[in-house]
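Text of work-v3.cif, listed as mmCIF, C-alpha atoms:
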data_structure
#
loop_
_atom_site.group_PDB
_atom_site.id
_atom_site.type_symbol
_atom_site.label_atom_id
_atom_site.label_comp_id
_atom_site.auth_asym_id
_atom_site.auth_seq_id
_atom_site.Cartn_x
_atom_site.Cartn_y
_atom_site.Cartn_z
ATOM 1 C CA MET A 52 -18.279 19.768 0.686
ATOM 2 C CA SER A 53 -16.409 20.891 -2.393
ATOM 3 C CA ARG A 54 -13.843 18.556 -3.899
ATOM 4 C CA THR A 55 -10.726 19.628 -5.787
ATOM 5 C CA ARG A 56 -9.231 17.483 -8.514
ATOM 6 C CA HIS A 57 -6.062 18.823 -10.092
ATOM 7 C CA ALA A 58 -4.733 17.805 -13.478
ATOM 8 C CA VAL A 59 -0.942 17.581 -13.192
ATOM 9 C CA ALA A 60 1.402 17.232 -16.140
ATOM 10 C CA PHE A 61 3.011 13.827 -16.580
ATOM 11 C CA ALA A 62 6.471 15.320 -16.360
ATOM 12 C CA LEU A 63 5.768 16.770 -12.925
ATOM 13 C CA ILE A 64 4.309 13.486 -11.686
ATOM 14 C CA THR A 65 7.386 11.639 -12.919
ATOM 15 C CA ALA A 66 9.664 14.133 -11.199
ATOM 16 C CA ALA A 67 7.807 13.690 -7.920
ATOM 17 C CA ALA A 68 8.005 9.929 -8.176
ATOM 18 C CA LEU A 69 11.754 10.107 -8.703
ATOM 19 C CA THR A 70 12.046 12.376 -5.694
ATOM 20 C CA LEU A 71 10.420 9.713 -3.561
ATOM 21 C CA THR A 72 12.718 6.986 -4.777
ATOM 22 C CA SER A 73 16.126 8.520 -5.170
ATOM 23 C CA CYS A 74 16.702 11.742 -3.255
ATOM 24 C CA GLY A 75 17.915 12.332 0.263
ATOM 25 C CA SER A 76 21.382 11.930 1.763
ATOM 26 C CA GLY A 77 22.664 9.015 3.783
ATOM 27 C CA ASP A 78 20.814 5.847 4.708
ATOM 28 C CA PRO A 79 17.055 6.135 4.953
ATOM 29 C CA ALA A 80 15.720 6.064 8.484
ATOM 30 C CA THR A 81 14.123 2.910 9.777
ATOM 31 C CA ALA A 82 10.609 2.654 8.392
ATOM 32 C CA GLY A 83 7.982 1.149 10.638
ATOM 33 C CA GLY A 84 10.543 0.071 13.213
ATOM 34 C CA GLY A 85 12.137 -2.497 10.938
ATOM 35 C CA ALA A 86 15.293 -2.684 8.869
ATOM 36 C CA LYS A 87 16.461 0.189 6.722
ATOM 37 C CA PRO A 88 15.086 -0.116 3.207
ATOM 38 C CA GLY A 89 18.014 -0.413 0.839
ATOM 39 C CA ALA A 90 20.316 -1.852 3.499
ATOM 40 C CA GLU A 91 20.781 -5.212 1.827
ATOM 41 C CA PRO A 92 24.258 -6.093 0.465
ATOM 42 C CA GLY A 93 25.149 -4.102 -2.646
ATOM 43 C CA ALA A 94 22.377 -1.533 -2.322
ATOM 44 C CA LYS A 95 23.169 2.174 -2.427
ATOM 45 C CA PRO A 96 21.935 4.367 0.431
ATOM 46 C CA GLY A 97 18.526 5.777 -0.360
ATOM 47 C CA LYS A 98 17.947 3.387 -3.244
ATOM 48 C CA ILE A 99 15.052 0.988 -3.567
ATOM 49 C CA PRO A 100 15.826 -2.501 -2.191
ATOM 50 C CA THR A 101 16.435 -5.112 -4.872
ATOM 51 C CA ALA A 102 17.602 -8.126 -2.834
ATOM 52 C CA ASP A 103 16.066 -11.410 -4.030
ATOM 53 C CA VAL A 104 14.167 -12.913 -1.099
ATOM 54 C CA VAL A 105 11.630 -15.051 -2.950
ATOM 55 C CA SER A 106 13.309 -17.116 -5.701
ATOM 56 C CA SER A 107 14.233 -19.868 -3.245
ATOM 57 C CA VAL A 108 10.594 -20.419 -2.202
ATOM 58 C CA ALA A 109 9.520 -23.975 -2.995
ATOM 59 C CA LYS A 110 6.106 -25.295 -3.950
ATOM 60 C CA ASP A 111 4.006 -26.625 -1.080
ATOM 61 C CA GLU A 112 1.866 -29.501 -2.330
ATOM 62 C CA ALA A 113 -0.634 -29.290 0.540
ATOM 63 C CA ALA A 114 -1.321 -25.609 -0.152
ATOM 64 C CA ALA A 115 -1.425 -26.149 -3.921
ATOM 65 C CA LYS A 116 -4.066 -28.865 -3.554
ATOM 66 C CA LEU A 117 -6.429 -26.241 -2.144
ATOM 67 C CA LEU A 118 -6.536 -24.538 -5.549
ATOM 68 C CA PRO A 119 -9.447 -25.262 -7.895
ATOM 69 C CA ALA A 120 -8.588 -28.014 -10.389
ATOM 70 C CA ASP A 121 -8.822 -25.686 -13.386
ATOM 71 C CA VAL A 122 -6.350 -23.247 -11.840
ATOM 72 C CA ARG A 123 -3.875 -26.020 -11.049
ATOM 73 C CA SER A 124 -4.191 -27.253 -14.619
ATOM 74 C CA ARG A 125 -3.793 -23.792 -16.158
ATOM 75 C CA GLY A 126 -0.972 -22.815 -13.835
ATOM 76 C CA THR A 127 -1.430 -19.064 -14.219
ATOM 77 C CA LEU A 128 -3.344 -16.241 -12.608
ATOM 78 C CA THR A 129 -3.772 -12.632 -13.682
ATOM 79 C CA VAL A 130 -3.016 -10.083 -10.980
ATOM 80 C CA ALA A 131 -3.763 -6.365 -11.181
ATOM 81 C CA ALA A 132 -1.097 -4.356 -9.381
ATOM 82 C CA ALA A 133 -1.460 -0.743 -8.299
ATOM 83 C CA VAL A 134 1.926 0.955 -8.542
ATOM 84 C CA GLY A 135 2.659 4.011 -6.442
ATOM 85 C CA THR A 136 5.595 4.452 -4.086
ATOM 86 C CA PRO A 137 7.729 2.213 -1.853
ATOM 87 C CA PRO A 138 7.398 0.061 0.094
ATOM 88 C CA GLY A 139 4.156 -1.167 -1.530
ATOM 89 C CA ALA A 140 4.971 -1.122 -5.242
ATOM 90 C CA THR A 141 7.025 1.174 -7.431
ATOM 91 C CA TYR A 142 9.142 1.263 -10.573
ATOM 92 C CA LEU A 143 12.905 0.954 -10.630
ATOM 93 C CA GLU A 144 14.865 3.640 -12.446
ATOM 94 C CA ASP A 145 14.391 1.818 -15.757
ATOM 95 C CA GLY A 146 10.734 2.833 -15.598
ATOM 96 C CA LYS A 147 9.634 -0.716 -16.436
ATOM 97 C CA THR A 148 10.538 -3.072 -13.589
ATOM 98 C CA VAL A 149 7.945 -3.142 -10.800
ATOM 99 C CA VAL A 150 9.199 -3.952 -7.300
ATOM 100 C CA GLY A 151 7.845 -3.646 -3.790
ATOM 101 C CA GLN A 152 6.501 -5.431 -0.768
ATOM 102 C CA ASP A 153 3.222 -6.275 -2.522
ATOM 103 C CA ILE A 154 5.145 -7.625 -5.506
ATOM 104 C CA ASP A 155 7.369 -9.834 -3.337
ATOM 105 C CA PHE A 156 4.431 -11.270 -1.400
ATOM 106 C CA ALA A 157 2.448 -12.021 -4.549
ATOM 107 C CA GLU A 158 5.426 -13.723 -6.186
ATOM 108 C CA ALA A 159 6.266 -15.717 -3.055
ATOM 109 C CA VAL A 160 2.665 -16.940 -2.690
ATOM 110 C CA ALA A 161 2.586 -17.916 -6.363
ATOM 111 C CA ARG A 162 5.743 -19.993 -5.894
ATOM 112 C CA VAL A 163 4.252 -21.766 -2.879
ATOM 113 C CA LEU A 164 1.211 -22.646 -5.009
ATOM 114 C CA GLY A 165 3.210 -23.591 -8.089
ATOM 115 C CA LEU A 166 1.661 -20.801 -10.177
ATOM 116 C CA ARG A 167 2.904 -18.167 -12.586
ATOM 117 C CA LEU A 168 1.530 -14.656 -12.300
ATOM 118 C CA LYS A 169 0.591 -12.515 -15.257
ATOM 119 C CA ARG A 170 0.886 -9.020 -13.814
ATOM 120 C CA GLU A 171 -0.933 -6.030 -15.233
ATOM 121 C CA VAL A 172 -0.443 -2.544 -13.817
ATOM 122 C CA ALA A 173 -3.770 -0.839 -13.105
ATOM 123 C CA SER A 174 -4.929 2.270 -11.283
ATOM 124 C CA PHE A 175 -5.807 1.738 -7.632
ATOM 125 C CA GLU A 176 -9.439 2.832 -7.935
ATOM 126 C CA ALA A 177 -10.041 0.573 -10.961
ATOM 127 C CA ILE A 178 -8.877 -2.729 -9.472
ATOM 128 C CA LEU A 179 -11.624 -3.675 -7.012
ATOM 129 C CA PRO A 180 -14.494 -3.031 -9.463
ATOM 130 C CA ALA A 181 -12.651 -5.039 -12.138
ATOM 131 C CA LEU A 182 -12.381 -8.109 -9.901
ATOM 132 C CA GLY A 183 -16.120 -8.644 -10.002
ATOM 133 C CA SER A 184 -16.131 -8.610 -13.788
ATOM 134 C CA GLY A 185 -13.545 -11.370 -13.921
ATOM 135 C CA LYS A 186 -10.948 -9.230 -15.685
ATOM 136 C CA TYR A 187 -8.397 -10.098 -12.985
ATOM 137 C CA HIS A 188 -8.162 -13.064 -10.626
ATOM 138 C CA LEU A 189 -6.762 -10.928 -7.801
ATOM 139 C CA GLY A 190 -5.460 -7.485 -7.017
ATOM 140 C CA THR A 191 -2.661 -5.954 -4.961
ATOM 141 C CA GLY A 192 -2.311 -2.348 -3.897
ATOM 142 C CA ASN A 193 -2.151 -2.218 -0.098
ATOM 143 C CA PHE A 194 -5.903 -2.817 0.034
ATOM 144 C CA GLY A 195 -7.125 -2.314 3.585
ATOM 145 C CA VAL A 196 -9.818 -4.681 4.831
ATOM 146 C CA THR A 197 -12.943 -2.708 5.710
ATOM 147 C CA ASP A 198 -16.456 -3.877 6.482
ATOM 148 C CA GLU A 199 -17.753 -1.902 3.500
ATOM 149 C CA ARG A 200 -15.328 -3.562 1.100
ATOM 150 C CA ARG A 201 -16.063 -7.010 2.526
ATOM 151 C CA LYS A 202 -19.593 -6.733 1.163
ATOM 152 C CA THR A 203 -18.294 -7.181 -2.386
ATOM 153 C CA ILE A 204 -14.658 -8.298 -2.037
ATOM 154 C CA ASP A 205 -12.892 -11.234 -0.376
ATOM 155 C CA PHE A 206 -9.491 -10.650 1.192
ATOM 156 C CA VAL A 207 -6.594 -12.844 2.254
ATOM 157 C CA THR A 208 -4.505 -10.860 4.716
ATOM 158 C CA TYR A 209 -0.710 -10.700 4.684
ATOM 159 C CA ILE A 210 0.271 -7.511 6.561
ATOM 160 C CA ASN A 211 -1.125 -4.831 8.831
ATOM 161 C CA ASP A 212 -0.788 -1.210 7.743
ATOM 162 C CA GLY A 213 -3.304 1.607 7.903
ATOM 163 C CA GLN A 214 -3.822 5.349 7.777
ATOM 164 C CA GLY A 215 -1.183 7.943 8.527
ATOM 165 C CA LEU A 216 -0.521 11.631 7.979
ATOM 166 C CA ALA A 217 2.450 13.725 6.906
ATOM 167 C CA ALA A 218 3.240 17.387 6.326
ATOM 168 C CA LEU A 219 6.129 19.663 5.406
ATOM 169 C CA LYS A 220 8.717 20.133 8.138
ATOM 170 C CA SER A 221 7.984 23.843 8.002
ATOM 171 C CA SER A 222 4.378 23.170 9.052
ATOM 172 C CA LYS A 223 3.325 24.081 12.584
ATOM 173 C CA LEU A 224 1.479 20.784 12.789
ATOM 174 C CA THR A 225 3.081 18.303 15.179
ATOM 175 C CA LYS A 226 0.501 15.559 15.717
ATOM 176 C CA ILE A 227 -2.981 14.813 14.428
ATOM 177 C CA SER A 228 -5.007 12.378 16.489
ATOM 178 C CA ASP A 229 -8.578 13.333 15.596
ATOM 179 C CA PHE A 230 -10.433 14.543 12.513
ATOM 180 C CA THR A 231 -11.106 17.855 14.270
ATOM 181 C CA ASP A 232 -7.332 18.452 14.193
ATOM 182 C CA LEU A 233 -7.720 18.720 10.417
ATOM 183 C CA CYS A 234 -10.327 21.474 10.560
ATOM 184 C CA GLY A 235 -9.529 24.365 8.250
ATOM 185 C CA LEU A 236 -6.836 22.404 6.394
ATOM 186 C CA ASN A 237 -6.535 21.096 2.844
ATOM 187 C CA VAL A 238 -6.020 17.337 3.001
ATOM 188 C CA ALA A 239 -4.534 15.534 -0.017
ATOM 189 C CA THR A 240 -5.190 11.840 -0.493
ATOM 190 C CA GLY A 241 -5.651 9.140 -3.136
ATOM 191 C CA ALA A 242 -8.871 8.712 -5.084
ATOM 192 C CA GLY A 243 -10.905 5.629 -4.211
ATOM 193 C CA THR A 244 -8.953 4.890 -1.033
ATOM 194 C CA THR A 245 -9.984 4.171 2.543
ATOM 195 C CA PHE A 246 -8.471 7.550 3.381
ATOM 196 C CA GLU A 247 -10.924 9.344 1.122
ATOM 197 C CA ALA A 248 -13.776 7.289 2.598
ATOM 198 C CA SER A 249 -12.732 8.101 6.175
ATOM 199 C CA LEU A 250 -12.436 11.794 5.422
ATOM 200 C CA GLU A 251 -15.856 11.836 3.793
ATOM 201 C CA LYS A 252 -17.418 9.875 6.659
ATOM 202 C CA ASN A 253 -16.147 12.419 9.185
ATOM 203 C CA GLU A 254 -16.803 15.576 7.161
ATOM 204 C CA ASP A 255 -19.266 16.887 9.723
ATOM 205 C CA SER A 256 -16.879 16.586 12.680
ATOM 206 C CA CYS A 257 -15.594 20.132 12.283
ATOM 207 C CA ALA A 258 -19.088 21.645 12.075
ATOM 208 C CA LYS A 259 -20.050 19.778 15.239
ATOM 209 C CA ALA A 260 -16.987 21.244 16.935
ATOM 210 C CA GLY A 261 -17.832 24.741 15.673
ATOM 211 C CA LYS A 262 -14.765 24.858 13.443
ATOM 212 C CA LYS A 263 -14.087 25.543 9.775
ATOM 213 C CA PRO A 264 -14.375 22.341 7.716
ATOM 214 C CA TYR A 265 -11.401 20.661 6.104
ATOM 215 C CA LYS A 266 -11.241 20.294 2.323
ATOM 216 C CA ILE A 267 -10.601 16.930 0.702
ATOM 217 C CA GLN A 268 -8.312 16.977 -2.331
ATOM 218 C CA THR A 269 -8.182 13.670 -4.202
ATOM 219 C CA TYR A 270 -5.624 12.631 -6.787
ATOM 220 C CA ALA A 271 -5.329 9.570 -9.002
ATOM 221 C CA GLU A 272 -1.509 9.732 -9.026
ATOM 222 C CA THR A 273 0.666 9.472 -5.918
ATOM 223 C CA GLY A 274 3.158 11.930 -7.368
ATOM 224 C CA ALA A 275 0.437 14.542 -7.708
ATOM 225 C CA ILE A 276 -0.357 14.249 -3.987
ATOM 226 C CA TRP A 277 3.183 15.171 -3.042
ATOM 227 C CA ILE A 278 3.347 17.950 -5.618
ATOM 228 C CA SER A 279 0.258 19.512 -4.034
ATOM 229 C CA LEU A 280 1.991 19.459 -0.649
ATOM 230 C CA GLN A 281 5.269 20.881 -1.975
ATOM 231 C CA GLN A 282 3.453 23.662 -3.841
ATOM 232 C CA GLY A 283 1.386 24.637 -0.809
ATOM 233 C CA ARG A 284 -1.970 23.630 -2.272
ATOM 234 C CA SER A 285 -2.334 21.003 0.457
ATOM 235 C CA ASP A 286 -1.445 21.206 4.130
ATOM 236 C CA VAL A 287 -1.478 17.497 4.968
ATOM 237 C CA VAL A 288 -1.109 14.202 3.132
ATOM 238 C CA MET A 289 -3.159 11.213 4.273
ATOM 239 C CA SER A 290 -1.912 7.854 3.024
ATOM 240 C CA THR A 291 -0.559 4.494 4.206
ATOM 241 C CA ILE A 292 1.516 4.415 7.380
ATOM 242 C CA ASN A 293 4.323 2.465 5.733
ATOM 243 C CA GLY A 294 4.263 4.558 2.569
ATOM 244 C CA LEU A 295 4.468 7.843 4.454
ATOM 245 C CA ARG A 296 7.216 6.639 6.761
ATOM 246 C CA TYR A 297 9.239 5.568 3.764
ATOM 247 C CA ALA A 298 8.536 8.798 1.887
ATOM 248 C CA VAL A 299 9.696 11.112 4.670
ATOM 249 C CA THR A 300 13.020 9.260 4.845
ATOM 250 C CA GLN A 301 13.533 10.152 1.183
ATOM 251 C CA GLN A 302 12.248 13.734 1.358
ATOM 252 C CA GLY A 303 14.173 15.820 3.840
ATOM 253 C CA ASP A 304 11.582 18.569 4.004
ATOM 254 C CA THR A 305 8.663 16.397 5.163
ATOM 255 C CA LYS A 306 7.694 14.818 8.474
ATOM 256 C CA PHE A 307 5.475 11.971 9.636
ATOM 257 C CA LEU A 308 2.736 13.236 11.940
ATOM 258 C CA ASN A 309 0.957 10.225 13.336
ATOM 259 C CA GLU A 310 -0.616 6.840 12.823
ATOM 260 C CA PHE A 311 -4.349 7.421 12.502
ATOM 261 C CA LYS A 312 -5.861 3.959 12.222
ATOM 262 C CA ARG A 313 -4.518 0.448 11.662
ATOM 263 C CA LEU A 314 -6.051 -1.911 9.104
ATOM 264 C CA ASP A 315 -5.343 -5.437 7.940
ATOM 265 C CA VAL A 316 -4.149 -5.506 4.336
ATOM 266 C CA GLY A 317 -4.814 -8.345 1.938
ATOM 267 C CA PHE A 318 -4.868 -9.774 -1.535
ATOM 268 C CA ALA A 319 -8.213 -8.794 -3.042
ATOM 269 C CA PHE A 320 -10.549 -11.217 -4.872
ATOM 270 C CA LYS A 321 -14.107 -11.160 -6.128
ATOM 271 C CA LYS A 322 -16.666 -12.185 -3.531
ATOM 272 C CA GLY A 323 -16.969 -15.929 -3.109
ATOM 273 C CA THR A 324 -13.630 -16.731 -4.713
ATOM 274 C CA PRO A 325 -12.432 -20.358 -4.421
ATOM 275 C CA LEU A 326 -8.828 -19.102 -4.372
ATOM 276 C CA ALA A 327 -8.860 -17.715 -0.828
ATOM 277 C CA PRO A 328 -8.097 -20.928 1.140
ATOM 278 C CA ALA A 329 -5.031 -21.671 -1.000
ATOM 279 C CA PHE A 330 -3.692 -18.124 -0.691
ATOM 280 C CA GLN A 331 -4.252 -18.168 3.065
ATOM 281 C CA ALA A 332 -2.340 -21.443 3.374
ATOM 282 C CA ALA A 333 0.457 -20.036 1.211
ATOM 283 C CA VAL A 334 0.896 -16.904 3.348
ATOM 284 C CA ASN A 335 1.013 -19.017 6.491
ATOM 285 C CA ARG A 336 3.575 -21.277 4.798
ATOM 286 C CA LEU A 337 5.749 -18.237 4.126
ATOM 287 C CA LYS A 338 5.539 -17.333 7.794
ATOM 288 C CA ALA A 339 6.625 -20.830 8.774
ATOM 289 C CA ASP A 340 9.674 -20.985 6.473
ATOM 290 C CA GLY A 341 10.998 -17.485 7.268
ATOM 291 C CA THR A 342 10.297 -15.910 3.875
ATOM 292 C CA TYR A 343 7.613 -13.696 5.397
ATOM 293 C CA ASP A 344 10.043 -12.095 7.831
ATOM 294 C CA ARG A 345 12.685 -11.667 5.130
ATOM 295 C CA ILE A 346 10.266 -9.712 2.950
ATOM 296 C CA LEU A 347 9.290 -7.400 5.811
ATOM 297 C CA LYS A 348 12.922 -6.876 6.777
ATOM 298 C CA LYS A 349 13.839 -6.027 3.188
ATOM 299 C CA TRP A 350 11.193 -3.300 3.036
ATOM 300 C CA GLY A 351 11.631 -2.041 6.614
ATOM 301 C CA THR A 352 8.095 -2.889 7.685
ATOM 302 C CA THR A 353 8.553 -5.430 10.469
ATOM 303 C CA GLU A 354 5.919 -3.682 12.595
ATOM 304 C CA SER A 355 3.373 -4.655 9.944
ATOM 305 C CA ALA A 356 3.701 -8.372 10.648
ATOM 306 C CA ILE A 357 0.524 -10.347 11.386
ATOM 307 C CA GLU A 358 0.346 -13.533 13.460
ATOM 308 C CA LYS A 359 -1.487 -15.506 10.803
ATOM 309 C CA SER A 360 -3.305 -14.942 7.536
ATOM 310 C CA GLU A 361 -7.086 -14.679 7.658
ATOM 311 C CA ILE A 362 -9.851 -14.627 5.081
ATOM 312 C CA SER A 363 -11.881 -11.393 5.192
ATOM 313 C CA PRO A 364 -11.616 -10.687 8.927
ATOM 314 C CA PRO A 365 -13.780 -7.914 10.434
ATOM 315 C CA GLU A 366 -12.432 -4.394 10.103
ATOM 316 C CA ILE A 367 -10.122 -3.334 12.928
ATOM 317 C CA LYS A 368 -12.001 -0.730 14.932
#

Please express the file's structure as structure tokens.
Amino acid sequence: MSRTRHAVAFALITAAALTLTSCGSGDPATAGGGAKPGAEPGAKPGKIPTADVVSSVAKDEAAAKLLPADVRSRGTLTVAAAVGTPPGATYLEDGKTVVGQDIDFAEAVARVLGLRLKREVASFEAILPALGSGKYHLGTGNFGVTDERRKTIDFVTYINDGQGLAALKSSKLTKISDFTDLCGLNVATGAGTTFEASLEKNEDSCAKAGKKPYKIQTYAETGAIWISLQQGRSDVVMSTINGLRYAVTQQGDTKFLNEFKRLDVGFAFKKGTPLAPAFQAAVNRLKADGTYDRILKKWGTTESAIEKSEISPPEIK
């Protein structure tokens, strides 16, 4: 099947990103059934939440002892962070400060383990391959745990998210529950994501149903995905459930269509990492002391809570 990759000017991408983070009137609707993002004291309606929910997290000696001796001695880890749109990770209006649910969880875990994080922003599709080379110790970017990824990557889970779909409000689409509902449509999604993989895996579903195939349009920048939808080059956006729910609260002309598939989401490490047990213990410590729930409430994603952190669990089918 043909693939379309559009080069979009940086200015347009920036404009789209700002649309996601600052437009819309009134308080944003509840995302994922949780609290309203931006509803913390002092926040302006429709603005990105900035409440500090992690600085009070204390070191847990039992969890820290699970770290390799060299890591405890060094006291730092390098984390590659994919930055896109809320609630996962995004920039504040200064264009420099990175905030988001992934950022809060990484910082909170680091505090539990008594570590400092050296954060480097990297493109989503570049992070997982770079883990194996040792360039980064871990990666964040709403990485869904799949059986295919588990062959080369270890995960420590901290939320549950997954695959969702959105369209313009003017679209006749109301709900998409099967890949055959996409037949004949242009579907925009992120390059190197589970969404792209799922679309490719089910490419033949339309032919089997005797329908016109859908076209997959992949983009390296989140802003470019939304530009394609606004300009009519795409009919549907496929992305994270939480990200889409947040986005439609900020863009009055879009609508959330449906949850497609749930996936556990985790910190990503190279296969065989000795860091996983410590990170797992740290996430579970955050659940025990209430920090975990505070982070989810801040970002309006309480429906993404997991009962306990796991190391590379099987893909949710």

Spatial neighbours of Pro180 (chain A), 12 Å, all atoms listed in the file, chain gap at least 6 places, as an MDAnalysis selection string: chainID A and resid 131 173:174 186:190 200 203:204 243 319:322

* Surrounding residues of region 156-159 of chain A excluding itself and chain neighbours under 4 positions, 7 Å, only C-alpha atoms, as a list of chain:residue names -> A:Val105, A:Val108, A:Gln152, A:Val163

Write out, as a Markdown table, each residue of region 171-214 of chain A that has an atom at most 8 Å from region 289-308 of chain A, together with the closest pair of atoms and their distance in Å to one decimal, counting only C-alpha atoms, rows going by chain and rising number.
| residue | atom | partner | partner_atom | distance |
| --- | --- | --- | --- | --- |
| A:Asp212 | CA | A:Ile292 | CA | 6.1 |
| A:Gly213 | CA | A:Thr291 | CA | 5.4 |
| A:Gln214 | CA | A:Thr291 | CA | 4.9 |

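Take the candidates A:Thr136, A:Thr127, A:Ser221, A:Gln282 and check each one against Ile99 (chain A) using all atoms listed in the file; the shortest distance goes to A:Thr136.
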
Care to translate the PyMOL selection byres ((chain A and resi 119) around 12) into actual residues of this file, as a PDB file with C-alpha atoms, keeping the file's coordinate frame?
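File produced: part-v9.pdb:
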ATOM      1  CA  ALA A 114      -1.321 -25.609  -0.152  1.00  0.00           C
ATOM      2  CA  ALA A 115      -1.425 -26.149  -3.921  1.00  0.00           C
ATOM      3  CA  LYS A 116      -4.066 -28.865  -3.554  1.00  0.00           C
ATOM      4  CA  LEU A 117      -6.429 -26.241  -2.144  1.00  0.00           C
ATOM      5  CA  LEU A 118      -6.536 -24.538  -5.549  1.00  0.00           C
ATOM      6  CA  ALA A 120      -8.588 -28.014 -10.389  1.00  0.00           C
ATOM      7  CA  ASP A 121      -8.822 -25.686 -13.386  1.00  0.00           C
ATOM      8  CA  VAL A 122      -6.350 -23.247 -11.840  1.00  0.00           C
ATOM      9  CA  ARG A 123      -3.875 -26.020 -11.049  1.00  0.00           C
ATOM     10  CA  SER A 124      -4.191 -27.253 -14.619  1.00  0.00           C
ATOM     11  CA  ARG A 125      -3.793 -23.792 -16.158  1.00  0.00           C
ATOM     12  CA  GLY A 126      -0.972 -22.815 -13.835  1.00  0.00           C
ATOM     13  CA  THR A 127      -1.430 -19.064 -14.219  1.00  0.00           C
ATOM     14  CA  LEU A 128      -3.344 -16.241 -12.608  1.00  0.00           C
ATOM     15  CA  LEU A 164       1.211 -22.646  -5.009  1.00  0.00           C
ATOM     16  CA  THR A 324     -13.630 -16.731  -4.713  1.00  0.00           C
ATOM     17  CA  PRO A 325     -12.432 -20.358  -4.421  1.00  0.00           C
ATOM     18  CA  LEU A 326      -8.828 -19.102  -4.372  1.00  0.00           C
ATOM     19  CA  ALA A 327      -8.860 -17.715  -0.828  1.00  0.00           C
ATOM     20  CA  PRO A 328      -8.097 -20.928   1.140  1.00  0.00           C
ATOM     21  CA  ALA A 329      -5.031 -21.671  -1.000  1.00  0.00           C
ATOM     22  CA  PHE A 330      -3.692 -18.124  -0.691  1.00  0.00           C
TER      23      PHE A 330
END

**Report entry** Between CA of Gly192 (chain A) and CA of Leu168 (chain A) - distance in Å to one decimal
**Finding:**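 So the answer is 15.4 Å.
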
**Report entry** Nearest to Ile346 (chain A) by atom-to-atom distance, counting all atoms listed in the file, from A:Glu176, A:Asp153, A:Glu310, A:Glu112
**Finding:**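 Looking only at the distances to Ile346 (chain A), the closest residue turns out to be A:Asp153.
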
Between CA of Lys262 (chain A) and CA of Thr231 (chain A) lies a distance of 7.9 Å

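With only C-alpha atoms taken into account, the protein and nucleic acid residues at most 9 Å from Ala356 (chain A) (excluding it and anything under 3 positions from it in its own chain) are Tyr209, Ile210, Asn211, Asp212, Tyr343, Asp344, Leu347, Thr352, Thr353 and Lys359 of chain A.
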
Might you spell out which residues the PyMOL selection byres ((chain A and resi 175) around 9) would select in the displayed file, as a list in words? Ala132, Ala133, Val134, Gly135, Ala173, Ser174, Glu176, Ala177, Ile178, Leu179, Thr191, Gly192, Phe194, Gly241, Ala242, Gly243, Thr244 and Ala271 of chain A

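For the residues A:Cys257, A:Ile367, A:Leu236, A:Val172, ranking by smallest atom-to-atom distance to Leu224 (chain A) using only C-alpha atoms places A:Leu236 first.
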
Would you mind listing what lies within 8 Å of Thr197 (chain A) as an mmCIF file with C-alpha atoms, in the frame of the given file, with only C-alpha atoms counted and same-chain residues fewer than 4 positions away left out?
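See result-v8.cif below for the written result:
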data_model
loop_
_atom_site.group_PDB
_atom_site.id
_atom_site.type_symbol
_atom_site.label_atom_id
_atom_site.label_comp_id
_atom_site.auth_asym_id
_atom_site.auth_seq_id
_atom_site.Cartn_x
_atom_site.Cartn_y
_atom_site.Cartn_z
ATOM 1 C CA ARG A 201 -16.063 -7.010 2.526
ATOM 2 C CA LEU A 314 -6.051 -1.911 9.104
ATOM 3 C CA PRO A 365 -13.780 -7.914 10.434
ATOM 4 C CA GLU A 366 -12.432 -4.394 10.103
ATOM 5 C CA ILE A 367 -10.122 -3.334 12.928
#
